[in-house]
$ cat final_39.cif   # mmCIF, C-alpha atoms
data_start
loop_
_atom_site.label_atom_id
_atom_site.label_comp_id
_atom_site.auth_asym_id
_atom_site.auth_seq_id
_atom_site.Cartn_x
_atom_site.Cartn_y
_atom_site.Cartn_z
CA MET A 256 258.71 207.74 93.24
CA LYS A 257 262.41 208.36 93.72
CA LYS A 258 264.32 208.80 90.48
CA THR A 259 267.46 206.72 89.93
CA ARG A 260 269.89 208.47 87.62
CA CYS A 261 271.67 205.85 85.52
CA ALA A 262 274.92 206.33 83.58
CA ILE A 263 276.01 203.92 80.85
CA TYR A 264 279.69 202.98 80.81
CA THR A 265 281.20 201.32 77.70
CA ARG A 266 284.71 200.10 76.95
CA LYS A 267 286.62 198.28 74.22
CA SER A 268 290.21 197.03 74.69
CA SER A 269 291.44 197.73 71.14
CA GLU A 270 290.80 200.51 68.64
CA ASP A 271 289.95 198.05 65.85
CA GLY A 272 286.56 198.82 64.36
CA LEU A 273 285.96 202.03 66.34
CA GLU A 274 286.00 204.01 63.09
CA GLN A 275 282.86 202.18 61.93
CA GLU A 276 279.53 203.99 61.93
CA PHE A 277 278.08 201.44 64.40
CA ASN A 278 280.83 199.93 66.56
CA SER A 279 281.12 197.85 69.72
CA LEU A 280 280.68 200.86 72.01
CA ASP A 281 277.42 201.75 70.23
CA ALA A 282 276.18 198.17 70.60
CA GLN A 283 276.93 198.17 74.33
CA ARG A 284 275.25 201.55 74.80
CA GLU A 285 272.16 200.49 72.88
CA ALA A 286 271.71 197.34 75.00
CA CYS A 287 272.18 199.28 78.25
CA ALA A 288 269.79 202.03 77.17
CA ALA A 289 267.11 199.42 76.37
CA PHE A 290 267.58 197.86 79.81
CA ILE A 291 267.22 201.25 81.53
CA THR A 292 264.05 201.92 79.54
CA SER A 293 262.61 198.56 80.70
CA GLN A 294 263.12 199.71 84.30
CA LYS A 295 261.33 203.03 83.81
CA ILE A 296 258.54 201.90 86.10
CA GLU A 297 261.13 201.62 88.87
CA GLY A 298 262.14 205.26 88.36
CA TRP A 299 265.27 204.65 86.31
CA ILE A 300 266.26 207.53 84.03
CA LEU A 301 269.26 207.80 81.68
CA VAL A 302 271.67 210.70 82.20
CA PRO A 303 272.65 212.41 78.92
CA ASP A 304 276.43 212.25 79.43
CA ALA A 305 278.34 209.45 77.65
CA TYR A 306 281.16 207.64 79.45
CA ASP A 307 283.14 205.77 76.80
CA ASP A 308 286.71 204.39 76.74
CA GLY A 309 287.62 203.10 73.30
CA GLY A 310 290.96 201.34 72.96
CA MET A 311 291.52 201.19 76.73
CA SER A 312 292.55 198.15 78.79
CA GLY A 313 290.35 196.97 81.65
CA GLY A 314 293.45 196.28 83.76
CA THR A 315 293.79 199.89 84.96
CA LEU A 316 291.59 202.61 86.42
CA GLY A 317 293.46 205.30 84.48
CA ARG A 318 290.73 205.67 81.85
CA PRO A 319 289.34 209.14 81.04
CA GLY A 320 285.72 208.01 80.71
CA LEU A 321 285.81 205.99 83.93
CA GLN A 322 287.51 208.81 85.82
CA ARG A 323 284.79 211.25 84.75
CA LEU A 324 282.14 208.75 85.81
CA MET A 325 283.73 208.25 89.25
CA ALA A 326 283.92 212.03 89.71
CA ASP A 327 280.21 212.41 88.84
CA ILE A 328 279.31 209.64 91.29
CA ARG A 329 281.26 211.38 94.07
CA SER A 330 279.55 214.68 93.30
CA GLY A 331 276.09 213.06 93.38
CA LYS A 332 275.27 213.42 89.68
CA VAL A 333 274.92 209.65 89.10
CA ASP A 334 273.19 207.02 91.24
CA ARG A 335 273.80 203.84 89.28
CA ILE A 336 276.30 202.55 86.71
CA VAL A 337 274.93 200.34 83.95
CA VAL A 338 277.36 198.15 81.97
CA TYR A 339 276.89 195.46 79.31
CA LYS A 340 279.18 193.04 81.16
CA ILE A 341 281.09 193.41 84.39
CA ASP A 342 284.46 193.04 82.63
CA ARG A 343 283.68 196.25 80.71
CA LEU A 344 283.95 198.07 84.04
CA THR A 345 287.12 196.32 85.26
CA ARG A 346 289.07 193.09 84.98
CA SER A 347 290.91 193.51 88.28
CA LEU A 348 289.67 192.48 91.71
CA GLY A 349 291.77 195.19 93.33
CA ASP A 350 290.36 197.90 91.06
CA PHE A 351 286.84 196.57 91.60
CA ALA A 352 287.27 196.98 95.37
CA LYS A 353 288.22 200.63 94.82
CA ILE A 354 285.17 201.22 92.60
CA VAL A 355 282.85 199.59 95.15
CA GLU A 356 284.35 201.79 97.88
CA VAL A 357 283.47 204.91 95.88
CA LEU A 358 279.96 203.60 95.20
CA ASP A 359 279.38 202.73 98.88
CA GLU A 360 280.51 206.16 100.04
CA ALA A 361 278.18 207.85 97.53
CA GLY A 362 275.29 205.43 98.14
CA GLY A 363 275.47 204.26 94.52
CA SER A 364 275.39 200.87 92.83
CA PHE A 365 275.88 199.26 89.45
CA VAL A 366 274.11 196.79 87.20
CA SER A 367 275.35 194.39 84.53
CA VAL A 368 272.79 193.96 81.73
CA THR A 369 273.81 190.41 80.76
CA GLN A 370 274.77 189.11 84.23
CA SER A 371 272.06 189.07 86.87
CA PHE A 372 273.16 189.47 90.49
CA ASN A 373 272.41 191.73 93.43
CA THR A 374 275.49 193.29 95.04
CA ALA A 375 273.45 194.19 98.12
CA THR A 376 273.61 190.54 99.30
CA SER A 377 276.61 188.48 100.38
CA MET A 378 275.82 185.82 97.75
CA GLY A 379 275.62 188.47 95.05
CA ARG A 380 279.04 189.84 96.04
CA LEU A 381 280.48 186.30 96.03
CA THR A 382 279.10 185.72 92.53
CA LEU A 383 280.56 189.02 91.37
CA ASN A 384 283.98 188.25 92.85
CA MET A 385 284.00 184.88 91.09
CA LEU A 386 283.18 186.54 87.76
CA LEU A 387 285.91 189.12 88.27
CA SER A 388 288.41 186.42 89.22
CA PHE A 389 287.82 184.68 85.90
CA ALA A 390 287.98 188.01 84.04
CA GLN A 391 291.32 188.83 85.68
CA PHE A 392 292.60 185.31 84.95
CA GLU A 393 291.61 185.70 81.28
CA ARG A 394 293.41 189.05 81.06
CA GLU A 395 296.59 187.67 82.65
CA VAL A 396 296.61 184.58 80.39
CA THR A 397 296.13 186.80 77.33
CA ALA A 398 298.99 189.05 78.48
CA GLU A 399 301.26 186.02 78.97
CA ARG A 400 300.39 184.75 75.49
CA ILE A 401 301.21 188.12 73.95
CA ARG A 402 304.50 188.33 75.86
CA ASP A 403 305.47 184.84 74.70
CA LYS A 404 304.65 185.76 71.08
CA ILE A 405 306.77 188.93 71.29
CA THR A 406 309.68 187.01 72.83
CA ALA A 407 309.57 184.34 70.10
CA SER A 408 309.33 186.97 67.35
CA LYS A 409 312.25 189.00 68.68
CA LYS A 410 314.40 185.88 68.90
CA LYS A 411 313.88 185.64 65.14
CA GLY A 412 315.04 189.25 64.76
CA LEU A 413 311.62 190.70 63.92
CA TRP A 414 310.59 194.28 64.72
CA MET A 415 307.53 194.12 66.99
CA GLY A 416 306.46 197.74 66.91
CA GLY A 417 306.83 200.67 69.27
CA LYS A 418 308.56 203.99 68.67
CA VAL A 419 310.66 203.59 65.53
CA PRO A 420 314.35 204.43 66.14
CA LEU A 421 315.63 207.57 64.44
CA GLY A 422 317.23 206.63 61.13
CA TYR A 423 314.79 203.83 60.35
CA GLU A 424 311.19 203.42 59.18
CA PRO A 425 308.88 200.38 59.48
CA ASP A 426 308.92 197.83 56.68
CA GLY A 427 306.46 195.10 57.65
CA ARG A 428 308.00 193.15 60.51
CA THR A 429 311.42 194.67 60.00
CA LEU A 430 313.03 198.10 59.53
CA LYS A 431 314.61 199.88 56.59
CA VAL A 432 317.12 202.73 56.57
CA LYS A 433 315.68 206.24 56.29
CA GLU A 434 317.90 209.05 55.06
CA PRO A 435 318.87 211.76 55.97
CA TYR A 436 318.24 210.82 59.60
CA ALA A 437 320.47 207.76 59.22
CA GLN A 438 323.37 210.13 58.59
CA VAL A 439 322.51 212.01 61.81
CA ILE A 440 322.92 208.76 63.75
CA ARG A 441 326.26 208.02 62.07
CA THR A 442 327.45 211.54 62.92
CA ILE A 443 326.57 211.09 66.61
CA TYR A 444 328.55 207.85 66.74
CA ASP A 445 331.51 209.49 65.01
CA LEU A 446 331.40 212.38 67.48
CA TYR A 447 331.55 210.04 70.45
CA LYS A 448 334.44 208.13 68.90
CA LYS A 449 336.30 211.42 68.46
CA TYR A 450 335.49 213.20 71.76
CA GLY A 451 334.72 210.31 74.11
CA THR A 452 332.01 211.90 76.29
CA VAL A 453 328.26 212.35 75.96
CA ARG A 454 328.62 215.92 77.20
CA GLU A 455 331.00 216.85 74.37
CA VAL A 456 328.85 215.01 71.82
CA LYS A 457 325.93 217.18 72.96
CA VAL A 458 328.00 220.35 72.50
CA GLN A 459 329.22 219.36 69.03
CA ALA A 460 325.77 218.12 67.93
CA ASP A 461 324.28 221.49 68.88
CA ARG A 462 327.09 223.27 67.03
CA LEU A 463 326.36 221.22 63.90
CA GLY A 464 322.64 221.92 64.23
CA LEU A 465 321.61 218.27 64.56
CA LYS A 466 317.91 217.95 65.40
CA THR A 467 315.47 215.18 66.27
CA ALA A 468 312.98 214.00 63.64
CA ILE A 469 309.68 215.85 63.22
CA ARG A 470 306.71 213.52 63.72
CA THR A 471 302.99 214.07 63.30
CA LEU A 472 301.02 212.65 66.23
CA SER A 473 297.57 211.10 65.90
CA SER A 474 296.15 214.38 67.24
CA GLY A 475 297.69 216.21 64.26
CA ARG A 476 300.22 218.02 66.49
CA LEU A 477 303.83 218.17 65.28
CA LYS A 478 306.56 216.95 67.62
CA GLY A 479 310.34 216.97 67.37
CA GLY A 480 312.76 219.14 65.44
CA THR A 481 314.58 220.01 68.68
CA PRO A 482 318.25 219.62 69.74
CA PHE A 483 319.23 216.24 71.16
CA SER A 484 319.16 215.90 74.96
CA PHE A 485 321.88 214.11 76.96
CA GLY A 486 319.52 211.20 77.61
CA HIS A 487 318.59 210.86 73.94
CA ILE A 488 322.24 210.82 72.88
CA TYR A 489 323.10 208.17 75.46
CA TYR A 490 320.10 206.09 74.36
CA ILE A 491 321.25 206.27 70.72
CA LEU A 492 324.82 205.28 71.58
CA THR A 493 323.71 202.20 73.55
CA ASN A 494 320.84 201.06 71.30
CA PRO A 495 321.82 197.74 69.62
CA VAL A 496 319.24 198.26 66.87
CA TYR A 497 321.82 200.45 65.10
CA ALA A 498 324.16 197.44 64.95
CA GLY A 499 321.47 195.39 63.20
CA ARG A 500 320.24 193.72 66.39
CA ILE A 501 316.96 193.46 68.30
CA ARG A 502 316.84 193.83 72.06
CA HIS A 503 314.29 192.09 74.28
CA LYS A 504 314.64 192.95 77.97
CA THR A 505 318.22 191.93 78.86
CA ASN A 506 318.79 189.78 75.76
CA VAL A 507 319.98 190.90 72.31
CA TYR A 508 319.32 188.90 69.13
CA PRO A 509 320.50 189.28 65.48
CA GLY A 510 317.93 191.37 63.61
CA GLN A 511 316.62 191.07 60.07
CA HIS A 512 317.24 194.76 59.29
CA SER A 513 320.36 196.42 57.91
CA PRO A 514 322.73 197.98 60.47
CA LEU A 515 323.48 201.71 60.41
CA ILE A 516 326.68 201.10 62.37
CA GLU A 517 329.05 198.22 61.76
CA PRO A 518 328.54 195.68 64.58
CA GLU A 519 332.28 195.54 65.33
CA TYR A 520 332.38 199.35 65.58
CA TRP A 521 329.29 199.36 67.85
CA ASP A 522 330.81 196.69 70.14
CA ALA A 523 334.07 198.66 70.35
CA LEU A 524 332.14 201.81 71.25
CA GLN A 525 330.37 199.99 74.11
CA VAL A 526 333.79 199.01 75.44
CA GLN A 527 334.79 202.67 75.17
CA LEU A 528 331.69 203.67 77.15
CA MET A 529 332.48 201.11 79.83
CA GLY A 530 336.11 202.16 79.79
CA ARG A 531 335.12 205.68 80.75
CA SER A 532 333.37 204.32 83.82
CA VAL A 533 336.53 202.46 84.84
CA SER A 534 338.75 205.50 84.25
CA ASN A 535 336.32 207.69 86.18
CA ARG A 536 336.42 205.33 89.15
CA LEU A 537 340.22 205.37 89.10
CA GLY A 538 340.08 209.16 88.85
CA LYS A 539 337.86 209.31 91.92
CA GLU A 540 340.37 207.30 93.91
CA ARG A 541 343.03 209.84 92.94
CA GLY A 542 340.75 212.81 93.55
CA MET A 543 340.47 213.49 89.83
CA GLY A 544 337.65 213.39 87.27
CA ARG A 545 337.49 213.23 83.47
CA GLY A 546 340.66 214.02 81.58
CA GLY A 547 342.68 214.44 84.80
CA ARG A 548 340.55 217.37 85.94
CA LYS A 549 339.47 217.77 89.53
CA GLN A 550 336.12 216.25 90.35
CA VAL A 551 333.05 218.40 89.93
CA SER A 552 330.51 218.60 92.76
CA LEU A 553 327.43 217.51 90.85
CA LEU A 554 324.87 218.81 93.38
CA ILE A 555 326.22 222.34 93.70
CA GLY A 556 323.46 224.91 94.21
CA LYS A 557 320.80 222.24 94.77
CA LEU A 558 321.27 221.26 98.43
CA VAL A 559 319.57 222.89 101.42
CA ASP A 560 319.14 221.69 105.00
CA GLU A 561 316.14 221.80 107.36
CA THR A 562 316.80 225.49 108.15
CA GLY A 563 316.94 226.52 104.48
CA ASP A 564 320.72 227.03 104.65
CA ARG A 565 322.54 226.00 101.46
CA LEU A 566 325.27 223.36 101.45
CA THR A 567 328.46 224.42 99.67
CA PRO A 568 331.10 222.13 98.10
CA SER A 569 334.31 221.91 100.09
CA HIS A 570 337.32 219.60 100.24
CA THR A 571 340.28 218.53 102.33
CA LYS A 572 343.26 216.26 101.72
CA SER A 573 343.85 212.98 103.49
CA SER A 574 347.14 211.99 105.05
CA LYS A 575 347.95 210.16 101.79
CA GLY A 576 347.28 213.24 99.69
CA HIS A 577 343.90 212.14 98.37
CA ARG A 578 341.33 214.89 97.76
CA LEU A 579 338.21 214.34 99.89
CA ARG A 580 335.05 216.18 98.81
CA TYR A 581 332.26 217.32 101.13
CA TYR A 582 329.05 219.31 101.07
CA VAL A 583 329.08 221.71 104.04
CA SER A 584 326.40 224.05 105.44
CA ASN A 585 327.20 227.71 104.77
CA ARG A 586 326.95 228.53 108.48
CA LEU A 587 329.94 226.25 109.14
CA ILE A 588 332.29 227.93 106.68
CA ARG A 589 331.22 231.58 106.54
CA SER A 590 334.15 233.93 107.01
CA LYS A 591 332.41 236.35 109.39
CA GLY A 592 330.40 235.78 112.52
CA PRO A 593 330.21 232.75 114.82
CA LYS A 594 330.12 229.24 113.35
CA ASP A 595 326.92 227.27 114.01
CA PRO A 596 327.84 223.73 115.13
CA SER A 597 324.41 222.41 114.06
CA GLY A 598 325.42 222.59 110.37
CA TRP A 599 325.93 219.62 108.08
CA ARG A 600 329.17 218.17 106.70
CA LEU A 601 328.44 215.32 104.27
CA PRO A 602 330.89 213.30 102.11
CA GLY A 603 330.31 214.31 98.48
CA PRO A 604 330.66 210.99 96.60
CA GLU A 605 328.48 209.09 99.09
CA LEU A 606 325.74 211.74 98.98
CA GLU A 607 325.76 211.82 95.17
CA THR A 608 325.58 208.02 95.08
CA LEU A 609 322.61 208.06 97.47
CA VAL A 610 320.73 210.68 95.43
CA ALA A 611 321.37 208.78 92.18
CA ARG A 612 320.17 205.55 93.81
CA LEU A 613 316.96 207.20 95.03
CA LEU A 614 316.32 208.65 91.58
CA ARG A 615 316.90 205.22 90.04
CA LYS A 616 314.48 203.55 92.44
CA HIS A 617 311.83 206.23 91.90
CA LEU A 618 312.04 206.21 88.09
CA ASN A 619 312.01 202.40 88.05
CA THR A 620 308.70 202.27 89.95
CA PRO A 621 306.04 200.98 87.48
CA ASN A 622 303.45 203.54 88.61
CA VAL A 623 305.92 206.40 88.03
CA THR A 624 307.02 205.04 84.65
CA ALA A 625 303.40 204.73 83.50
CA ASN A 626 302.29 208.18 84.72
CA ILE A 627 305.40 210.36 84.40
CA VAL A 628 303.91 211.98 81.26
CA ASN A 629 300.28 213.10 81.05
CA ASP A 630 298.11 211.36 78.41
CA PRO A 631 300.92 209.48 76.61
CA THR A 632 300.28 207.63 73.37
CA THR A 633 301.11 203.93 73.15
CA GLU A 634 304.29 204.77 71.21
CA GLU A 635 305.36 207.37 73.79
CA THR A 636 304.78 204.94 76.67
CA ALA A 637 307.10 202.39 75.07
CA ALA A 638 309.74 205.03 74.23
CA ILE A 639 309.68 206.48 77.76
CA ALA A 640 310.03 203.03 79.31
CA LYS A 641 313.07 202.32 77.09
CA ILE A 642 314.78 205.63 77.95
CA LEU A 643 314.22 205.16 81.69
CA ALA A 644 315.43 201.56 81.50
CA GLU A 645 318.63 202.71 79.79
CA ILE A 646 319.35 205.45 82.32
CA THR A 647 318.31 203.60 85.48
CA GLY A 648 318.94 199.98 84.57
CA ALA A 649 322.28 199.42 86.30
CA GLU A 650 323.68 200.41 89.69
CA THR A 651 326.67 202.48 88.61
CA ASP A 652 329.30 204.72 90.15
CA GLU A 653 328.31 208.35 90.74
CA GLN A 654 330.83 209.57 88.15
CA THR A 655 329.54 207.53 85.21
CA GLU A 656 327.61 209.03 82.33
CA LYS A 657 324.33 207.55 83.60
CA SER A 658 324.62 209.09 87.05
CA HIS A 659 325.62 212.44 85.56
CA ILE A 660 322.39 212.41 83.58
CA LEU A 661 320.35 211.34 86.62
CA LEU A 662 321.78 214.03 88.91
CA GLN A 663 321.09 216.68 86.27
CA LEU A 664 317.39 215.96 86.83
CA CYS A 665 317.60 217.36 90.39
CA HIS A 666 316.20 220.83 91.03
CA ARG A 667 316.24 220.95 94.84
CA ILE A 668 317.37 218.50 97.52
CA GLN A 669 316.41 219.11 101.15
CA ILE A 670 318.06 217.13 103.91
CA LYS A 671 316.78 216.66 107.45
CA PRO A 672 317.88 214.26 110.20
CA GLY A 673 316.94 210.82 108.84
CA GLN A 674 315.19 212.26 105.75
CA ILE A 675 316.00 213.46 102.24
CA ARG A 676 313.53 215.02 99.79
CA ILE A 677 314.32 215.40 96.10
CA SER A 678 312.48 217.62 93.62
CA MET A 679 313.20 217.00 89.93
CA CYS A 680 313.37 219.77 87.33
CA PRO A 681 310.45 219.33 84.87
CA LYS A 682 312.40 220.96 82.02
CA ASN A 683 315.38 218.61 82.38
CA LEU A 684 313.12 215.59 82.73
CA ALA A 685 311.14 216.63 79.64
CA GLU A 686 314.38 216.91 77.63
CA LEU A 687 315.43 213.45 78.78
CA LEU A 688 312.09 211.92 77.77
CA ASP A 689 311.78 214.00 74.57
CA VAL A 690 308.38 215.48 75.50
CA ALA A 691 306.99 218.98 76.08
CA THR A 692 307.73 220.34 79.59
CA GLU A 693 304.05 221.01 80.35
CA ARG A 694 303.23 217.32 79.85
CA VAL A 695 305.48 216.13 82.69
CA SER A 696 303.36 215.01 85.65
CA GLU A 697 303.97 217.17 88.74
CA GLU A 698 303.03 214.24 91.00
CA CYS A 699 306.05 212.27 89.75
CA LEU A 700 308.58 215.05 90.35
CA GLU A 701 308.78 214.64 94.12
CA ILE A 702 310.71 211.87 95.88
#
$ encode --input "final_39.cif" --output "structure tokens"
Amino acid sequence: MKKTRCAIYTRKSSEDGLEQEFNSLDAQREACAAFITSQKIEGWILVPDAYDDGGMSGGTLGRPGLQRLMADIRSGKVDRIVVYKIDRLTRSLGDFAKIVEVLDEAGGSFVSVTQSFNTATSMGRLTLNMLLSFAQFEREVTAERIRDKITASKKKGLWMGGKVPLGYEPDGRTLKVKEPYAQVIRTIYDLYKKYGTVREVKVQADRLGLKTAIRTLSSGRLKGGTPFSFGHIYYILTNPVYAGRIRHKTNVYPGQHSPLIEPEYWDALQVQLMGRSVSNRLGKERGMGRGGRKQVSLLIGKLVDETGDRLTPSHTKSSKGHRLRYYVSNRLIRSKGPKDPSGWRLPGPELETLVARLLRKHLNTPNVTANIVNDPTTEETAAIAKILAEITGAETDEQTEKSHILLQLCHRIQIKPGQIRISMCPKNLAELLDVATERVSEECLEI
């Protein structure tokens, strides 16, 4: 008799109760193991490996236990998946189709202990699709209900969780001031008021030895205690929570917590931030940058063409005396030897705008946002989404603070006829997101 190697897969959406000696995962495993034992006469045997995902949503395939199970199916270590209910495996029709594709390629199958159907027949597949449709509908309705509850709560000024802003600590459904980090926030605001640029605030903050808070993660690892990055400083300066407000998507509501910064002062600082964008645009028209200085070529040392030749910043003056910036292939401007007419000559501002736009689009992609850091905690996922939303949320001029920060993420940009490829620097991206460099996903660095 042919042996059928069966693997039990268990899942629970929340972490509530998982600390108990006998929890929901144990109950699912026990029921599945009993079912496999009842099919012993058919040659079913239980593999010793456990495939569990506690506290994981069924709306994604990015679950460690499920990924290990899929890998073992592909390698021929498992013949059949046994689950307590089909929604433990997935709540998405699209994800189910991907799982079935893997099973079909490996000649495998799966069984639901409490729902009897045969996926080898067309009627069985129809029944399964109907069950999954209802499971997906239930998940989407639950998500809508949660979103509505969060929206209503934030309109009342309540704190609904997530990564706690530096300078505060949770106090039920609101926040309370936490010293001495509150003073760090006030200092950063004062520095921007005095110097007027994020870049100079970064320099002065480093000189003063200002550091991020040290936090203990659930794994016991310590995180933080590092200098502030450009992205973190910009996020702090534009975060309305410090003015005693709560933000929900594009709306801002009065909060129930005490402000660290006077609301009038915070509003004036936002005008100052916007004013820099206006002055920078005017400076560009006159061929000048911040403080009346000549514009800086933001992509210097990062551009290469299809031959590997670097593009060098260059400029000319128009008939009206305006300074026009370009990026030019070295072979067009070298002092010795013949000039190669195949080289590139690209307008600087337009190229920088294009690169910033591509970075914005890439970092705004939900799949990139969710996977840009390996194995993020729930708090980190929320914090990363907020930082990326702040930096990429608006289509801005290439000389604004946001685009400066975006273009600093570039490591190498290769241009070809009709094509541009961008590689981001993992170290710079890690500083922006306030995570360790080794945790940045390599798959998300290429555009």
$ residues_around --input "final_39.cif" --residues "Glu519 in chain A" --least-positions-apart "3" --cutoff "12 Å" --atoms "all atoms listed in the file" --output "list in words"
Pro495, Tyr497, Ala498, Gly499, Pro514, Leu515, Ile516, Asp522, Ala523, Leu524, Gln525 and Val526 of chain A
$ residues_near_point --input "final_39.cif" --point "(269.1, 210.3, 89.8)" --cutoff "9 Å" --atoms "only C-alpha atoms" --output "list in words"
Lys257, Lys258, Thr259, Arg260, Cys261, Gly298, Trp299, Ile300, Leu301, Val302, Gly331, Lys332, Val333, Asp334 and Arg335 of chain A
$ closest_residue --input "final_39.cif" --among "A:Gly362, A:Gly563, A:Gly272, A:Pro435" --to "Tyr423 in chain A" --atoms "all atoms listed in the file"
A:Pro435
$ resolve_selection --input "final_39.cif" --expression "the PyMOL selection byres ((chain A and resi 350-361) around 12)" --output "JSON, numbers by chain"
{"A": [313, 314, 315, 316, 317, 321, 322, 324, 325, 326, 327, 328, 329, 330, 331, 332, 333, 334, 335, 336, 341, 342, 343, 344, 345, 346, 347, 348, 349, 362, 363, 364, 365, 374, 375, 380, 383, 384, 386, 387, 388, 390, 391]}
$ write_last_selection --input "final_39.cif" --atoms "C-alpha atoms" --output "PDB file, keeping the file's coordinate frame"
ATOM      1  CA  GLY A 313     290.350 196.970  81.650  1.00  0.00           C
ATOM      2  CA  GLY A 314     293.450 196.280  83.760  1.00  0.00           C
ATOM      3  CA  THR A 315     293.790 199.890  84.960  1.00  0.00           C
ATOM      4  CA  LEU A 316     291.590 202.610  86.420  1.00  0.00           C
ATOM      5  CA  GLY A 317     293.460 205.300  84.480  1.00  0.00           C
ATOM      6  CA  LEU A 321     285.810 205.990  83.930  1.00  0.00           C
ATOM      7  CA  GLN A 322     287.510 208.810  85.820  1.00  0.00           C
ATOM      8  CA  LEU A 324     282.140 208.750  85.810  1.00  0.00           C
ATOM      9  CA  MET A 325     283.730 208.250  89.250  1.00  0.00           C
ATOM     10  CA  ALA A 326     283.920 212.030  89.710  1.00  0.00           C
ATOM     11  CA  ASP A 327     280.210 212.410  88.840  1.00  0.00           C
ATOM     12  CA  ILE A 328     279.310 209.640  91.290  1.00  0.00           C
ATOM     13  CA  ARG A 329     281.260 211.380  94.070  1.00  0.00           C
ATOM     14  CA  SER A 330     279.550 214.680  93.300  1.00  0.00           C
ATOM     15  CA  GLY A 331     276.090 213.060  93.380  1.00  0.00           C
ATOM     16  CA  LYS A 332     275.270 213.420  89.680  1.00  0.00           C
ATOM     17  CA  VAL A 333     274.920 209.650  89.100  1.00  0.00           C
ATOM     18  CA  ASP A 334     273.190 207.020  91.240  1.00  0.00           C
ATOM     19  CA  ARG A 335     273.800 203.840  89.280  1.00  0.00           C
ATOM     20  CA  ILE A 336     276.300 202.550  86.710  1.00  0.00           C
ATOM     21  CA  ILE A 341     281.090 193.410  84.390  1.00  0.00           C
ATOM     22  CA  ASP A 342     284.460 193.040  82.630  1.00  0.00           C
ATOM     23  CA  ARG A 343     283.680 196.250  80.710  1.00  0.00           C
ATOM     24  CA  LEU A 344     283.950 198.070  84.040  1.00  0.00           C
ATOM     25  CA  THR A 345     287.120 196.320  85.260  1.00  0.00           C
ATOM     26  CA  ARG A 346     289.070 193.090  84.980  1.00  0.00           C
ATOM     27  CA  SER A 347     290.910 193.510  88.280  1.00  0.00           C
ATOM     28  CA  LEU A 348     289.670 192.480  91.710  1.00  0.00           C
ATOM     29  CA  GLY A 349     291.770 195.190  93.330  1.00  0.00           C
ATOM     30  CA  GLY A 362     275.290 205.430  98.140  1.00  0.00           C
ATOM     31  CA  GLY A 363     275.470 204.260  94.520  1.00  0.00           C
ATOM     32  CA  SER A 364     275.390 200.870  92.830  1.00  0.00           C
ATOM     33  CA  PHE A 365     275.880 199.260  89.450  1.00  0.00           C
ATOM     34  CA  THR A 374     275.490 193.290  95.040  1.00  0.00           C
ATOM     35  CA  ALA A 375     273.450 194.190  98.120  1.00  0.00           C
ATOM     36  CA  ARG A 380     279.040 189.840  96.040  1.00  0.00           C
ATOM     37  CA  LEU A 383     280.560 189.020  91.370  1.00  0.00           C
ATOM     38  CA  ASN A 384     283.980 188.250  92.850  1.00  0.00           C
ATOM     39  CA  LEU A 386     283.180 186.540  87.760  1.00  0.00           C
ATOM     40  CA  LEU A 387     285.910 189.120  88.270  1.00  0.00           C
ATOM     41  CA  SER A 388     288.410 186.420  89.220  1.00  0.00           C
ATOM     42  CA  ALA A 390     287.980 188.010  84.040  1.00  0.00           C
ATOM     43  CA  GLN A 391     291.320 188.830  85.680  1.00  0.00           C
TER      44      GLN A 391
END
$ resolve_selection --input "final_39.cif" --expression "the PyMOL selection byres ((chain A and resi 463) around 12)" --output "list in words"
Val439, Thr442, Ile443, Leu446, Val456, Lys457, Val458, Gln459, Ala460, Asp461, Arg462, Gly464, Leu465, Lys466, Pro482 and Phe483 of chain A
$ residues_around --input "final_39.cif" --residues "range 632-648 of chain A" --least-positions-apart "2" --cutoff "8 Å" --atoms "all atoms listed in the file" --output "ChimeraX atom specification"
/A:417-418,486-487,490,615-616,618-619,624-625,630,650,657-658,660-661,687-688
$ closest_residue --input "final_39.cif" --among "A:Ala398, A:Ala286, A:Ala468, A:Leu566" --to "Arg586 in chain A" --atoms "all atoms listed in the file"
A:Leu566
$ residues_around --input "final_39.cif" --residues "Ala282 in chain A" --least-positions-apart "3" --cutoff "12 Å" --atoms "only C-alpha atoms" --output "VMD selection string"
chain A and resid 263 to 267 273 275 to 279 285 to 289 338 to 339
$ resolve_selection --input "final_39.cif" --expression "the PyMOL selection byres ((chain A and resi 699) around 12)" --output "PyMOL selection string"
chain A and resi 614+617-629+677-681+684+694-698+700-702
$ closest_residue --input "final_39.cif" --among "A:Phe392, A:Ile469, A:Arg612, A:Gly310" --to "Glu274 in chain A" --atoms "all atoms listed in the file"
A:Gly310
$ closest_residue --input "final_39.cif" --among "A:His512, A:Met256, A:Asp560, A:Arg428" --to "Gly673 in chain A" --atoms "only C-alpha atoms"
A:Asp560
$ closest_residue --input "final_39.cif" --among "A:Ser312, A:Val453, A:Pro420, A:Gln370" --to "Glu395 in chain A" --atoms "all atoms listed in the file"
A:Ser312
$ closest_residue --input "final_39.cif" --among "A:Thr452, A:Ile501, A:Gly475, A:Met385" --to "His659 in chain A" --atoms "only C-alpha atoms"
A:Thr452
$ atom_distance --input "final_39.cif" --atom1 "CA of Asp426 in chain A" --atom2 "CA of Lys411 in chain A"
15.6 Å
